[in-house]
$ cat protein.cif   # mmCIF, C-alpha atoms
data_my_file
#
loop_
_atom_site.group_PDB
_atom_site.id
_atom_site.type_symbol
_atom_site.label_atom_id
_atom_site.label_comp_id
_atom_site.auth_asym_id
_atom_site.auth_seq_id
_atom_site.Cartn_x
_atom_site.Cartn_y
_atom_site.Cartn_z
ATOM 1 C CA MET L 1 0.000 0.000 0.000
ATOM 2 C CA ALA L 2 1.205 3.504 -0.830
ATOM 3 C CA THR L 3 1.172 6.279 1.742
ATOM 4 C CA ASP L 4 -0.634 9.591 1.189
ATOM 5 C CA PRO L 5 0.966 12.565 3.007
ATOM 6 C CA THR L 6 -2.257 14.572 2.649
ATOM 7 C CA LYS L 7 -3.693 12.185 5.262
ATOM 8 C CA TYR L 8 -0.925 12.850 7.785
ATOM 9 C CA LYS L 9 -1.683 14.845 10.931
ATOM 10 C CA PHE L 10 0.499 16.856 13.299
ATOM 11 C CA ASN L 11 -0.708 14.835 16.241
ATOM 12 C CA HIS L 12 1.126 16.078 19.313
ATOM 13 C CA THR L 13 3.958 17.917 20.994
ATOM 14 C CA MET L 14 5.680 16.224 23.934
ATOM 15 C CA LEU L 15 6.806 18.150 27.007
ATOM 16 C CA ARG L 16 8.475 16.687 30.074
ATOM 17 C CA VAL L 17 6.922 17.884 33.328
ATOM 18 C CA LYS L 18 8.038 17.862 36.954
ATOM 19 C CA ASP L 19 4.640 17.444 38.650
ATOM 20 C CA PRO L 20 1.843 15.987 36.500
ATOM 21 C CA LYS L 21 -0.898 17.047 38.902
ATOM 22 C CA ALA L 22 0.076 20.719 38.611
ATOM 23 C CA SER L 23 0.554 20.525 34.834
ATOM 24 C CA ILE L 24 -2.714 18.696 34.172
ATOM 25 C CA LYS L 25 -4.551 21.218 36.348
ATOM 26 C CA PHE L 26 -3.101 24.067 34.276
ATOM 27 C CA TYR L 27 -3.941 22.588 30.881
ATOM 28 C CA GLU L 28 -7.404 21.563 32.025
ATOM 29 C CA PHE L 29 -7.891 25.155 33.222
ATOM 30 C CA LEU L 30 -7.116 26.170 29.628
ATOM 31 C CA GLY L 31 -10.016 23.960 28.580
ATOM 32 C CA MET L 32 -8.187 20.807 27.573
ATOM 33 C CA LYS L 33 -9.309 17.303 28.430
ATOM 34 C CA MET L 34 -7.283 14.135 28.906
ATOM 35 C CA VAL L 35 -7.899 11.998 25.803
ATOM 36 C CA ASN L 36 -5.412 9.227 26.578
ATOM 37 C CA LYS L 37 -2.959 8.012 29.195
ATOM 38 C CA PHE L 38 -0.202 5.416 29.116
ATOM 39 C CA GLU L 39 1.258 4.116 32.375
ATOM 40 C CA MET L 40 4.749 2.700 31.943
ATOM 41 C CA LYS L 41 5.301 1.463 35.482
ATOM 42 C CA ASP L 42 8.186 -0.862 34.631
ATOM 43 C CA ALA L 43 10.026 2.001 32.946
ATOM 44 C CA LYS L 44 8.902 4.435 35.672
ATOM 45 C CA PHE L 45 7.183 7.060 33.570
ATOM 46 C CA ASP L 46 3.637 7.991 32.538
ATOM 47 C CA LEU L 47 2.323 9.783 29.455
ATOM 48 C CA TYR L 48 -0.714 12.080 29.566
ATOM 49 C CA PHE L 49 -2.375 13.288 26.360
ATOM 50 C CA LEU L 50 -4.502 16.443 26.576
ATOM 51 C CA ALA L 51 -6.511 18.097 23.811
ATOM 52 C CA TYR L 52 -9.517 20.291 23.143
ATOM 53 C CA ASP L 53 -12.569 18.049 22.980
ATOM 54 C CA SER L 54 -15.638 20.225 23.567
ATOM 55 C CA PRO L 55 -18.481 19.995 21.012
ATOM 56 C CA LYS L 56 -16.975 23.141 19.435
ATOM 57 C CA ALA L 57 -13.503 21.614 19.112
ATOM 58 C CA VAL L 58 -12.065 20.732 15.698
ATOM 59 C CA SER L 59 -11.385 17.090 16.610
ATOM 60 C CA HIS L 60 -14.259 16.536 19.047
ATOM 61 C CA GLY L 61 -14.779 12.827 19.705
ATOM 62 C CA ASN L 62 -11.948 11.636 17.450
ATOM 63 C CA HIS L 63 -9.634 8.798 18.413
ATOM 64 C CA TRP L 64 -6.505 10.276 20.004
ATOM 65 C CA SER L 65 -4.357 9.243 17.021
ATOM 66 C CA ASP L 66 -6.771 10.965 14.612
ATOM 67 C CA ARG L 67 -6.291 14.426 16.078
ATOM 68 C CA GLU L 68 -4.061 17.446 15.800
ATOM 69 C CA GLY L 69 -3.000 19.800 18.559
ATOM 70 C CA ILE L 70 -2.491 17.327 21.400
ATOM 71 C CA ILE L 71 -0.104 18.075 24.259
ATOM 72 C CA GLU L 72 1.706 14.992 25.572
ATOM 73 C CA LEU L 73 3.020 15.422 29.100
ATOM 74 C CA THR L 74 5.768 12.994 30.111
ATOM 75 C CA HIS L 75 6.339 12.450 33.824
ATOM 76 C CA ASN L 76 9.334 10.504 35.067
ATOM 77 C CA TYR L 77 8.558 9.111 38.505
ATOM 78 C CA GLY L 78 10.015 10.989 41.438
ATOM 79 C CA THR L 79 10.746 14.335 39.777
ATOM 80 C CA GLU L 80 7.895 15.973 41.701
ATOM 81 C CA ASP L 81 9.725 15.222 44.970
ATOM 82 C CA ASP L 82 13.169 16.316 43.776
ATOM 83 C CA PRO L 83 13.846 19.946 44.820
ATOM 84 C CA ASN L 84 16.751 20.145 42.361
ATOM 85 C CA TYR L 85 14.815 18.957 39.309
ATOM 86 C CA THR L 86 14.010 21.701 36.821
ATOM 87 C CA ILE L 87 12.776 21.701 33.245
ATOM 88 C CA ASN L 88 14.588 23.364 30.343
ATOM 89 C CA ASN L 89 11.883 25.486 28.713
ATOM 90 C CA GLY L 90 13.955 26.006 25.560
ATOM 91 C CA ASN L 91 14.256 29.785 25.864
ATOM 92 C CA LYS L 92 17.350 30.231 27.998
ATOM 93 C CA GLU L 93 20.891 30.412 26.648
ATOM 94 C CA PRO L 94 22.796 28.265 25.916
ATOM 95 C CA HIS L 95 19.954 25.741 25.639
ATOM 96 C CA ARG L 96 17.541 27.441 23.262
ATOM 97 C CA GLY L 97 15.645 25.402 20.681
ATOM 98 C CA PHE L 98 11.969 24.738 21.315
ATOM 99 C CA GLY L 99 10.201 28.032 21.939
ATOM 100 C CA HIS L 100 6.561 27.677 22.940
ATOM 101 C CA ILE L 101 3.149 26.230 22.319
ATOM 102 C CA ALA L 102 0.294 28.565 21.395
ATOM 103 C CA ILE L 103 -3.434 28.595 21.954
ATOM 104 C CA SER L 104 -5.889 30.808 20.100
ATOM 105 C CA VAL L 105 -8.830 32.155 22.081
ATOM 106 C CA ASP L 106 -12.137 33.922 21.528
ATOM 107 C CA ASN L 107 -11.649 37.017 23.703
ATOM 108 C CA ILE L 108 -7.976 37.522 24.518
ATOM 109 C CA GLN L 109 -8.333 40.158 27.249
ATOM 110 C CA ALA L 110 -10.860 38.029 29.142
ATOM 111 C CA ALA L 111 -8.799 34.859 28.620
ATOM 112 C CA CYS L 112 -5.656 36.516 30.004
ATOM 113 C CA GLN L 113 -7.546 38.026 32.944
ATOM 114 C CA ARG L 114 -8.978 34.610 33.792
ATOM 115 C CA LEU L 115 -5.458 33.130 33.895
ATOM 116 C CA GLU L 116 -4.159 36.008 36.002
ATOM 117 C CA ASP L 117 -7.074 35.733 38.436
ATOM 118 C CA ALA L 118 -6.235 32.034 38.865
ATOM 119 C CA GLY L 119 -2.721 32.952 39.955
ATOM 120 C CA TYR L 120 -0.831 31.877 36.851
ATOM 121 C CA LYS L 121 2.241 33.878 35.848
ATOM 122 C CA PHE L 122 3.075 35.551 32.556
ATOM 123 C CA GLN L 123 6.268 35.921 30.565
ATOM 124 C CA LYS L 124 4.548 38.764 28.706
ATOM 125 C CA LYS L 125 1.193 40.317 29.495
ATOM 126 C CA LEU L 126 -0.929 41.921 26.794
ATOM 127 C CA THR L 127 0.060 45.370 28.032
ATOM 128 C CA ASP L 128 3.806 44.649 27.956
ATOM 129 C CA GLY L 129 5.919 45.854 25.049
ATOM 130 C CA ARG L 130 4.734 46.967 21.646
ATOM 131 C CA MET L 131 2.824 43.808 20.680
ATOM 132 C CA ARG L 132 -0.582 44.347 22.298
ATOM 133 C CA SER L 133 -2.258 41.444 20.486
ATOM 134 C CA ILE L 134 -0.341 38.529 22.015
ATOM 135 C CA ALA L 135 0.566 37.367 25.497
ATOM 136 C CA PHE L 136 2.744 34.602 26.911
ATOM 137 C CA ALA L 137 1.559 32.722 29.981
ATOM 138 C CA LEU L 138 3.825 30.346 31.900
ATOM 139 C CA ASP L 139 2.805 26.812 32.712
ATOM 140 C CA PRO L 140 3.932 25.245 36.036
ATOM 141 C CA ASP L 141 7.287 24.216 34.527
ATOM 142 C CA GLY L 142 7.973 27.577 32.935
ATOM 143 C CA TYR L 143 7.110 26.559 29.378
ATOM 144 C CA TRP L 144 5.853 29.541 27.407
ATOM 145 C CA VAL L 145 2.224 29.383 26.249
ATOM 146 C CA GLU L 146 1.503 32.021 23.647
ATOM 147 C CA ILE L 147 -2.056 33.351 23.578
ATOM 148 C CA ILE L 148 -3.407 34.783 20.331
ATOM 149 C CA CYS L 149 -6.897 35.930 19.379
ATOM 150 C CA GLN L 150 -9.297 34.560 16.784
ATOM 151 C CA LYS L 151 -10.787 38.063 16.392
ATOM 152 C CA PRO L 152 -9.371 41.596 16.133
ATOM 153 C CA VAL L 153 -8.355 42.579 19.665
ATOM 154 C CA THR L 154 -10.218 45.885 19.288
ATOM 155 C CA GLU L 155 -13.459 43.884 19.185
ATOM 156 C CA THR L 156 -12.775 42.065 22.435
ATOM 157 C CA GLU L 157 -11.518 44.901 24.656
ATOM 158 C CA ASN L 158 -14.737 45.221 26.646
ATOM 159 C CA VAL L 159 -15.802 41.560 26.600
ATOM 160 C CA LYS L 160 -15.617 40.030 30.075
ATOM 161 C CA GLU L 161 -16.411 36.401 29.225
ATOM 162 C CA THR L 162 -14.315 33.725 27.547
ATOM 163 C CA ASP L 163 -15.426 30.268 26.382
ATOM 164 C CA THR L 164 -12.623 27.695 26.638
ATOM 165 C CA GLY L 165 -14.693 25.419 24.428
ATOM 166 C CA THR L 166 -13.755 27.626 21.465
ATOM 167 C CA TYR L 167 -10.003 27.543 22.120
ATOM 168 C CA ARG L 168 -7.549 25.850 19.745
ATOM 169 C CA MET L 169 -4.116 24.347 20.410
ATOM 170 C CA ASN L 170 -2.850 26.411 17.521
ATOM 171 C CA HIS L 171 0.861 25.752 17.101
ATOM 172 C CA SER L 172 4.209 24.657 18.478
ATOM 173 C CA MET L 173 7.288 26.754 17.795
ATOM 174 C CA ILE L 174 10.815 25.518 17.184
ATOM 175 C CA ARG L 175 13.857 27.559 16.189
ATOM 176 C CA VAL L 176 15.674 26.404 13.063
ATOM 177 C CA LYS L 177 19.223 27.086 11.905
ATOM 178 C CA ASP L 178 18.654 27.029 8.134
ATOM 179 C CA ALA L 179 15.168 28.036 6.980
ATOM 180 C CA GLU L 180 15.595 26.685 3.436
ATOM 181 C CA LYS L 181 16.706 23.242 4.630
ATOM 182 C CA SER L 182 13.944 23.006 7.234
ATOM 183 C CA LEU L 183 11.249 24.199 4.846
ATOM 184 C CA ALA L 184 12.310 21.634 2.247
ATOM 185 C CA PHE L 185 12.329 18.875 4.864
ATOM 186 C CA TYR L 186 8.895 19.602 6.328
ATOM 187 C CA LYS L 187 7.279 20.253 2.942
ATOM 188 C CA ASP L 188 8.885 17.627 0.716
ATOM 189 C CA ILE L 189 9.451 14.814 3.212
ATOM 190 C CA MET L 190 6.905 15.387 6.002
ATOM 191 C CA GLY L 191 4.252 16.499 3.504
ATOM 192 C CA MET L 192 3.299 19.727 5.276
ATOM 193 C CA LYS L 193 2.066 22.825 3.479
ATOM 194 C CA LEU L 194 3.429 26.312 4.066
ATOM 195 C CA LYS L 195 0.412 28.241 5.288
ATOM 196 C CA ARG L 196 1.849 31.594 6.303
ATOM 197 C CA VAL L 197 5.123 33.540 6.341
ATOM 198 C CA SER L 198 5.714 36.496 8.676
ATOM 199 C CA GLU L 199 8.837 38.470 7.767
ATOM 200 C CA ASN L 200 10.390 40.605 10.494
ATOM 201 C CA LYS L 201 13.327 42.130 8.640
ATOM 202 C CA ASP L 202 13.824 45.004 11.066
ATOM 203 C CA ASN L 203 14.237 42.520 13.900
ATOM 204 C CA GLY L 204 16.271 39.978 11.927
ATOM 205 C CA PHE L 205 13.952 36.965 11.935
ATOM 206 C CA ASP L 206 11.182 35.297 9.942
ATOM 207 C CA LEU L 207 8.355 32.995 11.040
ATOM 208 C CA TYR L 208 7.021 30.127 8.951
ATOM 209 C CA PHE L 209 3.760 28.335 9.749
ATOM 210 C CA LEU L 210 3.329 24.838 8.322
ATOM 211 C CA GLY L 211 0.737 22.120 8.720
ATOM 212 C CA TYR L 212 -1.678 19.721 7.147
ATOM 213 C CA GLY L 213 -5.299 20.274 6.109
ATOM 214 C CA ALA L 214 -6.940 23.535 5.068
ATOM 215 C CA ASP L 215 -5.010 26.523 3.791
ATOM 216 C CA ALA L 216 -4.868 29.861 5.604
ATOM 217 C CA ASN L 217 -7.923 32.103 5.577
ATOM 218 C CA ASP L 218 -7.080 34.839 3.081
ATOM 219 C CA ASN L 219 -10.211 36.728 4.151
ATOM 220 C CA SER L 220 -9.309 36.935 7.838
ATOM 221 C CA PRO L 221 -9.918 40.380 9.396
ATOM 222 C CA ASN L 222 -7.067 42.849 9.666
ATOM 223 C CA GLY L 223 -5.097 42.302 12.825
ATOM 224 C CA VAL L 224 -5.964 38.601 13.008
ATOM 225 C CA ASN L 225 -3.474 35.827 12.326
ATOM 226 C CA PRO L 226 -4.950 34.110 9.205
ATOM 227 C CA VAL L 227 -4.306 30.685 10.752
ATOM 228 C CA ALA L 228 -5.612 31.545 14.237
ATOM 229 C CA ASP L 229 -8.597 29.230 13.817
ATOM 230 C CA HIS L 230 -6.363 26.231 12.970
ATOM 231 C CA GLU L 231 -4.999 23.607 15.307
ATOM 232 C CA GLY L 232 -1.840 21.547 15.031
ATOM 233 C CA LEU L 233 0.519 23.907 13.201
ATOM 234 C CA LEU L 234 4.310 24.008 13.323
ATOM 235 C CA GLU L 235 5.886 27.445 13.634
ATOM 236 C CA MET L 236 9.526 27.655 12.617
ATOM 237 C CA THR L 237 11.511 30.682 13.754
ATOM 238 C CA TRP L 238 14.611 31.519 11.730
ATOM 239 C CA ASN L 239 17.041 34.132 13.054
ATOM 240 C CA TYR L 240 19.005 35.617 10.179
ATOM 241 C CA GLY L 241 22.588 34.447 9.811
ATOM 242 C CA THR L 242 22.518 31.279 11.903
ATOM 243 C CA GLU L 243 22.798 29.197 8.724
ATOM 244 C CA LYS L 244 26.199 30.772 8.014
ATOM 245 C CA ASP L 245 27.738 29.726 11.342
ATOM 246 C CA GLU L 246 29.193 26.229 11.072
ATOM 247 C CA ASN L 247 29.350 25.857 14.850
ATOM 248 C CA PHE L 248 25.822 27.067 15.552
ATOM 249 C CA LYS L 249 23.414 24.457 16.920
ATOM 250 C CA TYR L 250 20.044 24.541 18.646
ATOM 251 C CA HIS L 251 19.299 22.376 21.680
ATOM 252 C CA ASP L 252 17.021 19.469 20.764
ATOM 253 C CA GLY L 253 15.403 19.178 24.201
ATOM 254 C CA ASN L 254 16.575 15.595 24.698
ATOM 255 C CA SER L 255 20.170 16.340 25.589
ATOM 256 C CA GLU L 256 20.708 17.561 29.140
ATOM 257 C CA PRO L 257 19.102 19.730 30.414
ATOM 258 C CA GLN L 258 15.909 18.160 29.115
ATOM 259 C CA GLY L 259 12.484 19.655 28.486
ATOM 260 C CA PHE L 260 10.695 19.472 25.134
ATOM 261 C CA GLY L 261 10.937 15.962 23.734
ATOM 262 C CA HIS L 262 9.481 15.701 20.250
ATOM 263 C CA ILE L 263 6.706 16.477 17.846
ATOM 264 C CA CYS L 264 4.647 13.635 16.410
ATOM 265 C CA ILE L 265 2.828 12.970 13.169
ATOM 266 C CA SER L 266 0.210 10.273 12.701
ATOM 267 C CA VAL L 267 0.175 8.629 9.279
ATOM 268 C CA ASP L 268 -2.219 6.572 7.170
ATOM 269 C CA ASP L 269 0.053 3.516 6.880
ATOM 270 C CA ILE L 270 3.071 3.478 9.149
ATOM 271 C CA ASP L 271 5.011 0.820 7.232
ATOM 272 C CA ALA L 272 4.533 2.600 3.914
ATOM 273 C CA ALA L 273 5.236 6.010 5.435
ATOM 274 C CA CYS L 274 8.473 4.823 7.015
ATOM 275 C CA GLN L 275 9.515 3.247 3.716
ATOM 276 C CA ARG L 276 8.853 6.596 2.041
ATOM 277 C CA PHE L 277 11.046 8.308 4.640
ATOM 278 C CA GLU L 278 13.728 5.684 4.065
ATOM 279 C CA ASP L 279 13.543 6.280 0.310
ATOM 280 C CA ASN L 280 14.027 9.997 1.005
ATOM 281 C CA LYS L 281 17.178 9.173 2.991
ATOM 282 C CA VAL L 282 16.060 10.699 6.288
ATOM 283 C CA SER L 283 18.174 10.457 9.416
ATOM 284 C CA TRP L 284 16.636 8.068 11.927
ATOM 285 C CA LYS L 285 16.638 8.189 15.713
ATOM 286 C CA LYS L 286 14.678 4.917 15.762
ATOM 287 C CA ARG L 287 13.429 2.802 12.895
ATOM 288 C CA LEU L 288 10.252 0.759 13.293
ATOM 289 C CA THR L 289 12.336 -2.389 13.558
ATOM 290 C CA ASP L 290 14.624 -1.024 16.304
ATOM 291 C CA GLY L 291 14.080 -1.953 19.948
ATOM 292 C CA ARG L 292 11.005 -3.485 21.512
ATOM 293 C CA MET L 293 8.493 -0.861 20.366
ATOM 294 C CA LYS L 294 7.658 -1.948 16.825
ATOM 295 C CA ASN L 295 4.747 0.479 16.382
ATOM 296 C CA ILE L 296 6.589 3.805 16.537
ATOM 297 C CA ALA L 297 9.532 5.373 14.752
ATOM 298 C CA PHE L 298 11.529 8.568 15.238
ATOM 299 C CA VAL L 299 12.908 10.677 12.390
ATOM 300 C CA LEU L 300 15.425 13.496 12.920
ATOM 301 C CA ASP L 301 14.830 16.857 11.252
ATOM 302 C CA PRO L 302 17.728 19.037 9.974
ATOM 303 C CA ASP L 303 18.257 20.522 13.461
ATOM 304 C CA GLY L 304 18.150 17.173 15.225
ATOM 305 C CA TYR L 305 14.643 17.611 16.657
ATOM 306 C CA TRP L 306 12.865 14.276 17.088
ATOM 307 C CA ILE L 307 9.710 13.554 15.059
ATOM 308 C CA GLU L 308 7.730 10.575 16.277
ATOM 309 C CA VAL L 309 5.740 8.649 13.666
ATOM 310 C CA ILE L 310 2.632 6.718 14.736
ATOM 311 C CA GLN L 311 -0.260 4.955 13.038
ATOM 312 C CA ASN L 312 -3.526 6.877 12.731
ATOM 313 C CA GLU L 313 -5.951 4.199 13.893
ATOM 314 C CA LYS L 314 -8.704 5.638 11.677
ATOM 315 C CA HIS L 315 -6.789 4.496 8.593
ATOM 316 C CA LYS L 316 -5.774 1.087 9.915
ATOM 317 C CA ALA L 317 -7.207 -1.891 8.030
ATOM 318 C CA GLY L 318 -10.317 -3.164 9.797
ATOM 319 C CA SER L 319 -10.412 -0.183 12.140
ATOM 320 C CA LYS L 320 -13.612 0.474 14.067
ATOM 321 C CA TYR L 321 -12.821 4.196 14.341
#

$ encode --input "protein.cif" --output "structure tokens"
Amino acid sequence: MATDPTKYKFNHTMLRVKDPKASIKFYEFLGMKMVNKFEMKDAKFDLYFLAYDSPKAVSHGNHWSDREGIIELTHNYGTEDDPNYTINNGNKEPHRGFGHIAISVDNIQAACQRLEDAGYKFQKKLTDGRMRSIAFALDPDGYWVEIICQKPVTETENVKETDTGTYRMNHSMIRVKDAEKSLAFYKDIMGMKLKRVSENKDNGFDLYFLGYGADANDNSPNGVNPVADHEGLLEMTWNYGTEKDENFKYHDGNSEPQGFGHICISVDDIDAACQRFEDNKVSWKKRLTDGRMKNIAFVLDPDGYWIEVIQNEKHKAGSKY
């Protein structure tokens, strides 16, 4: 059977956490729901999968492997009781790499006020700096959670209510050394489409938004990110000139100090997809045939970030989903 990249999905982003109770409480406060959990007691870690699943959510009711915009929280037993254990959030030198996840909301002022009232901290409030249309909240481990609005912020200034059922897990941001190489990899090999480019020449960086599914909304209102209503996008941040420095390297999150672990795509036929990757001469972290886990693989992108590959159960022969 051939594999069809148009059926792939950007399924999840994995983050290591110190205390799962605190992290789950935070993400559930943002309106997410646990859609799956794996307990790996012999290996002493658990995996928690959270996603938007209200009746208004894009993937409401779908099997966990047939979704986009999931957050996978990985908890290694005992970290919650270790006073010296800290997470690398990906934004501190010299260990920068992963940048943030982002949610899009209905009324951004009300959404930020709700978080502040609950006692959660911010890296950047709406009123900080020149960018008055985005904020960055901090989760319990210090990961940055960007908050963007699905409407022009001028329309939501006086709105006091926010409906978490309308939120989207919009994107995950990684920094890349060479934009051309990374774009070619994610488009030609991973099968993603380039949905939006934001050039910031005065500040020396560009942003690229890639993903599967529908294209960007060309008719979005002024002041609104044209992909704000999407879920499961990959944002690549390229800082000008890094591609010219032979010694420059981003932190992949899996070397010490650890934090972000990987992104994951679900595919229509995992054997055929992995053969396609093999034919495209990708670098592997783990082939399907390696180790005991014969149902997952890990590809390495040009910066060494891990990309997990799993089977979308919806497309599996004889599936009930």

$ closest_residue --input "protein.cif" --among "L:Glu199, L:Asp141, L:Asp301, L:Asp271" --to "Ile24 in chain L" --atoms "all atoms listed in the file"
L:Asp141

$ resolve_selection --input "protein.cif" --expression "the PyMOL selection byres ((chain L and resi 12) around 8)" --output "list in words"
Phe10, Asn11, Thr13, Met14, Glu68, Gly69, Ile70, Ile71, Glu72, Gly232, Ile263, Cys264 and Ile265 of chain L

$ write_last_selection --input "protein.cif" --atoms "C-alpha atoms" --output "compact mmCIF listing (two decimals), in the frame of the given file"
# COMPACT_ATOMS: atom_id res chain seq x y z
CA PHE L 10 0.50 16.86 13.30
CA ASN L 11 -0.71 14.84 16.24
CA THR L 13 3.96 17.92 20.99
CA MET L 14 5.68 16.22 23.93
CA GLU L 68 -4.06 17.45 15.80
CA GLY L 69 -3.00 19.80 18.56
CA ILE L 70 -2.49 17.33 21.40
CA ILE L 71 -0.10 18.08 24.26
CA GLU L 72 1.71 14.99 25.57
CA GLY L 232 -1.84 21.55 15.03
CA ILE L 263 6.71 16.48 17.85
CA CYS L 264 4.65 13.64 16.41
CA ILE L 265 2.83 12.97 13.17

$ resolve_selection --input "protein.cif" --expression "the PyMOL selection byres ((chain L and resi 173) around 10)" --output "ChimeraX atom specification"
/L:13,97-102,146,171-172,174-176,207-209,233-237

$ residues_near_point --input "protein.cif" --point "(-7.5, 36.4, 8.8)" --cutoff "12 Å" --atoms "all atoms listed in the file" --output "count of residues only"
22

$ atom_distance --input "protein.cif" --atom1 "CA of Gln311 in chain L" --atom2 "CA of Ile296 in chain L"
7.8 Å

$ atom_distance --input "protein.cif" --atom1 "CA of Tyr240 in chain L" --atom2 "CA of Met131 in chain L"
21.0 Å

$ residues_near_point --input "protein.cif" --point "(17.0, 28.9, 28.5)" --cutoff "12 Å" --atoms "all atoms listed in the file" --output "JSON, numbers by chain"
{"L": [86, 87, 88, 89, 90, 91, 92, 93, 94, 95, 96, 97, 98, 99, 100, 142, 143, 144, 250, 251, 253, 256, 257, 258, 259, 260]}

$ residues_around --input "protein.cif" --residues "Arg276 in chain L" --least-positions-apart "6" --cutoff "9 Å" --atoms "all atoms listed in the file" --output "list of chain:residue names"
L:Ala2, L:Thr3, L:Ile189

$ atom_distance --input "protein.cif" --atom1 "CA of Gln113 in chain L" --atom2 "CA of Thr162 in chain L"
9.7 Å

$ closest_residue --input "protein.cif" --among "L:Asn280, L:Asn170, L:Gln109, L:Ser198" --to "Thr154 in chain L" --atoms "all atoms listed in the file"
L:Gln109

$ axis_aligned_box --input "protein.cif" --around "range 233-249 of chain L" --padding-each-side "3 Å" --output "lines of an AutoDock Vina configuration file"
center_x = 14.9
center_y = 29.8
center_z = 12.5
size_x = 34.8
size_y = 17.7
size_z = 14.9

$ resolve_selection --input "protein.cif" --expression "the PyMOL selection byres ((chain L and resi 312-316) around 6)" --output "list in words"
Ser65, Asp66, Ser266, Val267, Asp268, Gln311, Ala317, Ser319 and Tyr321 of chain L

$ closest_residue --input "protein.cif" --among "L:Gly318, L:Lys21, L:Val145, L:Asn247" --to "Lys124 in chain L" --atoms "all atoms listed in the file"
L:Val145

$ residues_around --input "protein.cif" --residues "range 75-83 of chain L" --least-positions-apart "4" --cutoff "7 Å" --atoms "all atoms listed in the file" --output "list in words"
Arg16, Val17, Lys18, Asp19, Pro20, Lys44, Phe45, Asp46 and Leu47 of chain L

$ decode --input "protein.cif" --residues "range 306-317 of chain L" --atoms "N, CA, C and O atoms" --output "PDB file, in the first residue's frame"
ATOM      1  N   TRP L 306      13.464  15.585  17.301  1.00  0.00           N
ATOM      2  CA  TRP L 306      12.865  14.276  17.088  1.00  0.00           C
ATOM      3  C   TRP L 306      11.435  14.420  16.579  1.00  0.00           C
ATOM      4  O   TRP L 306      10.659  15.223  17.113  1.00  0.00           O
ATOM      5  N   ILE L 307      11.086  13.611  15.574  1.00  0.00           N
ATOM      6  CA  ILE L 307       9.710  13.554  15.059  1.00  0.00           C
ATOM      7  C   ILE L 307       9.224  12.120  15.191  1.00  0.00           C
ATOM      8  O   ILE L 307       9.683  11.219  14.485  1.00  0.00           O
ATOM      9  N   GLU L 308       8.309  11.905  16.107  1.00  0.00           N
ATOM     10  CA  GLU L 308       7.730  10.575  16.277  1.00  0.00           C
ATOM     11  C   GLU L 308       6.745  10.309  15.146  1.00  0.00           C
ATOM     12  O   GLU L 308       6.046  11.218  14.681  1.00  0.00           O
ATOM     13  N   VAL L 309       6.678   9.066  14.709  1.00  0.00           N
ATOM     14  CA  VAL L 309       5.740   8.649  13.666  1.00  0.00           C
ATOM     15  C   VAL L 309       4.882   7.528  14.237  1.00  0.00           C
ATOM     16  O   VAL L 309       5.404   6.515  14.716  1.00  0.00           O
ATOM     17  N   ILE L 310       3.557   7.725  14.214  1.00  0.00           N
ATOM     18  CA  ILE L 310       2.632   6.718  14.736  1.00  0.00           C
ATOM     19  C   ILE L 310       1.543   6.429  13.697  1.00  0.00           C
ATOM     20  O   ILE L 310       1.354   7.192  12.749  1.00  0.00           O
ATOM     21  N   GLN L 311       0.847   5.339  13.906  1.00  0.00           N
ATOM     22  CA  GLN L 311      -0.260   4.955  13.038  1.00  0.00           C
ATOM     23  C   GLN L 311      -1.532   5.687  13.451  1.00  0.00           C
ATOM     24  O   GLN L 311      -1.911   5.679  14.624  1.00  0.00           O
ATOM     25  N   ASN L 312      -2.179   6.343  12.499  1.00  0.00           N
ATOM     26  CA  ASN L 312      -3.526   6.877  12.731  1.00  0.00           C
ATOM     27  C   ASN L 312      -4.493   5.706  12.667  1.00  0.00           C
ATOM     28  O   ASN L 312      -4.692   5.098  11.614  1.00  0.00           O
ATOM     29  N   GLU L 313      -5.100   5.387  13.804  1.00  0.00           N
ATOM     30  CA  GLU L 313      -5.951   4.199  13.893  1.00  0.00           C
ATOM     31  C   GLU L 313      -7.159   4.272  12.956  1.00  0.00           C
ATOM     32  O   GLU L 313      -7.701   3.239  12.550  1.00  0.00           O
ATOM     33  N   LYS L 314      -7.569   5.479  12.606  1.00  0.00           N
ATOM     34  CA  LYS L 314      -8.704   5.638  11.677  1.00  0.00           C
ATOM     35  C   LYS L 314      -8.427   4.980  10.338  1.00  0.00           C
ATOM     36  O   LYS L 314      -9.332   4.457   9.667  1.00  0.00           O
ATOM     37  N   HIS L 315      -7.157   5.001   9.911  1.00  0.00           N
ATOM     38  CA  HIS L 315      -6.789   4.496   8.593  1.00  0.00           C
ATOM     39  C   HIS L 315      -6.286   3.066   8.630  1.00  0.00           C
ATOM     40  O   HIS L 315      -5.894   2.530   7.581  1.00  0.00           O
ATOM     41  N   LYS L 316      -6.271   2.443   9.789  1.00  0.00           N
ATOM     42  CA  LYS L 316      -5.774   1.087   9.915  1.00  0.00           C
ATOM     43  C   LYS L 316      -6.791   0.116   9.338  1.00  0.00           C
ATOM     44  O   LYS L 316      -7.998   0.270   9.512  1.00  0.00           O
ATOM     45  N   ALA L 317      -6.313  -0.892   8.634  1.00  0.00           N
ATOM     46  CA  ALA L 317      -7.207  -1.891   8.030  1.00  0.00           C
ATOM     47  C   ALA L 317      -8.081  -2.526   9.102  1.00  0.00           C
ATOM     48  O   ALA L 317      -7.590  -2.959  10.141  1.00  0.00           O
TER      49      ALA L 317
END
